[in-house]
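Asker: Next up is a structure, given as structure tokens.
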Amino acid sequence: MPDSLVDKMMSWFRGNEDAVRFALDLWVVAKVWDDVVDPSADSSVEDVNDMLRRLIYTIPTNPFYAANAHELAPIMHDMMLRWQIAIKMEGDQKDGDLHKAFILRAGIYQVLVYIASLSVDATWAVVVGPEIWRTYGVTLDEYVKAMD
């Protein structure tokens with residue numbers, strides 16, 4: 001099993017370097033955005049500037065994204081909406097909301113599965129999908145505890 005996230009992505013996307021660069025850009029954007037809305041996180045101005053550069057220039061000019069934007073844009077929008085809903089549910093915290101928010105926050109992993117599908121095919125995405133989802137490093141118990 002590959003050690004680094006880049007190595008994992010190279011395996012998941014079968015060496016498609018443009019797909020890996022796109023996925024890494026999306027990963028950074030998601031992390032910084034999450035930090036920006038978390039008052040306890042410490043994103044720097046440089047982090048925010050880097051995130052905006054990736055959104056405005058790097059992602060749109062990536063050949064993998066450009067070739068697949070018609071498919072990627074809607075699932076990225078879905079990922080964003082799910083994440084925003086999760087944040088709202090974390091703030092409201094009605095019964096069972098944290099369990100749902102935990103799932104909603106993890107939308108980026110399904111985007112990674114979709115990138116594998118576009119890089120190779122749907123059969124490969126199902127094969128590698130469990131490994132992609134297993135990189136979700138936070139357990140439900142850890143998440144719920146952190147929200148208390």
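Chains: A, B, ... in order of the structure tokens. Residues: from 1 per chain. Ligands: from 1, in order shown.
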Write out as a list in words which residues come within 10 Å of Gly107 (chain A) when counting only C-alpha atoms, dropping same-chain ones fewer than 5 positions away.
Answerer: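 The residues satisfying every condition are Ile75, Met76, Asp78, Met79, Met80, Leu81, Arg82, Trp83, Phe102, Leu112 and Trp133 of chain A.
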Asker: Only N, CA and C atoms, please: the residues just picked out, written as an mmCIF file, in the first residue's frame.
Answerer:
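Saved the output as again36.cif:
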data_model
loop_
_atom_site.group_PDB
_atom_site.id
_atom_site.type_symbol
_atom_site.label_atom_id
_atom_site.label_comp_id
_atom_site.auth_asym_id
_atom_site.auth_seq_id
_atom_site.Cartn_x
_atom_site.Cartn_y
_atom_site.Cartn_z
ATOM 1 N N ILE A 75 -20.574 17.351 -9.373
ATOM 2 C CA ILE A 75 -20.303 16.581 -8.154
ATOM 3 C C ILE A 75 -19.502 17.405 -7.149
ATOM 4 N N MET A 76 -18.703 18.347 -7.638
ATOM 5 C CA MET A 76 -18.023 19.264 -6.726
ATOM 6 C C MET A 76 -19.047 20.193 -6.070
ATOM 7 N N ASP A 78 -22.160 19.388 -5.498
ATOM 8 C CA ASP A 78 -22.822 18.520 -4.532
ATOM 9 C C ASP A 78 -21.968 18.383 -3.267
ATOM 10 N N MET A 79 -20.658 18.192 -3.432
ATOM 11 C CA MET A 79 -19.748 18.079 -2.290
ATOM 12 C C MET A 79 -19.825 19.347 -1.436
ATOM 13 N N MET A 80 -19.823 20.499 -2.087
ATOM 14 C CA MET A 80 -19.883 21.774 -1.379
ATOM 15 C C MET A 80 -21.198 21.921 -0.619
ATOM 16 N N LEU A 81 -22.321 21.594 -1.266
ATOM 17 C CA LEU A 81 -23.619 21.703 -0.610
ATOM 18 C C LEU A 81 -23.711 20.780 0.598
ATOM 19 N N ARG A 82 -23.220 19.547 0.440
ATOM 20 C CA ARG A 82 -23.243 18.603 1.561
ATOM 21 C C ARG A 82 -22.425 19.126 2.733
ATOM 22 N N TRP A 83 -21.257 19.687 2.422
ATOM 23 C CA TRP A 83 -20.394 20.208 3.471
ATOM 24 C C TRP A 83 -21.078 21.378 4.183
ATOM 25 N N PHE A 102 -21.472 13.909 9.887
ATOM 26 C CA PHE A 102 -20.227 13.154 9.700
ATOM 27 C C PHE A 102 -20.166 12.572 8.284
ATOM 28 N N LEU A 112 -13.247 11.673 -5.044
ATOM 29 C CA LEU A 112 -12.034 10.917 -5.377
ATOM 30 C C LEU A 112 -12.388 9.602 -6.082
ATOM 31 N N TRP A 133 -12.208 5.368 0.480
ATOM 32 C CA TRP A 133 -13.029 5.710 1.645
ATOM 33 C C TRP A 133 -12.322 5.394 2.960
#
Asker: Neighbouring residues of region 7-10 of chain A were defined as those with any atom within 12 Å, considering only C-alpha atoms; residues of the same chain fewer than 3 positions away were excluded. Please report them as a ChimeraX atom specification.
Answerer: /A:1-4,13-24,27,109,112-113,115-116,119-120,128-129,131-135
Asker: Out of A:Trp124, A:Trp12, A:Tyr136, A:Tyr114, which residue has the shortest atom-to-atom distance to Leu72 (chain A) when counting only C-alpha atoms?
Answerer: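 Ranking A:Trp124, A:Trp12, A:Tyr136, A:Tyr114 by distance to Leu72 (chain A), first place goes to A:Tyr114.
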Asker: For the structure I just gave you, how does DSSP split chain A - specifically, which residues are alpha helix (DSSP H)? Reply as a PyMOL selection string.
Answerer: chain A and resi 5-12+17-37+45-53+59-61+63-92+97-105+107-119+122-134+140-147
Asker: Applying 12 Å and only C-alpha atoms, which residues near region 35-38 of chain A remain after dropping the ones on its own chain fewer than 3 positions away? List them as a list in words.
Answerer: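 Near neighbours after the sequence-gap exclusion: Val28, Val29, Ala30, Lys31, Val32, Ala41, Asp42, Ser43, Ser44, Val45, Asp47, Val48, Asn49, Met51, Trp83, Gln84, Ile87, Lys88, Glu90, Gly91 and Met147 of chain A.
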Asker: Taking only C-alpha atoms into account, name the residue in A:Glu46, A:Asp97, A:Asp25, A:Asp92 that is nearest to Tyr65 (chain A).
Answerer: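 Closest candidate: A:Asp25.
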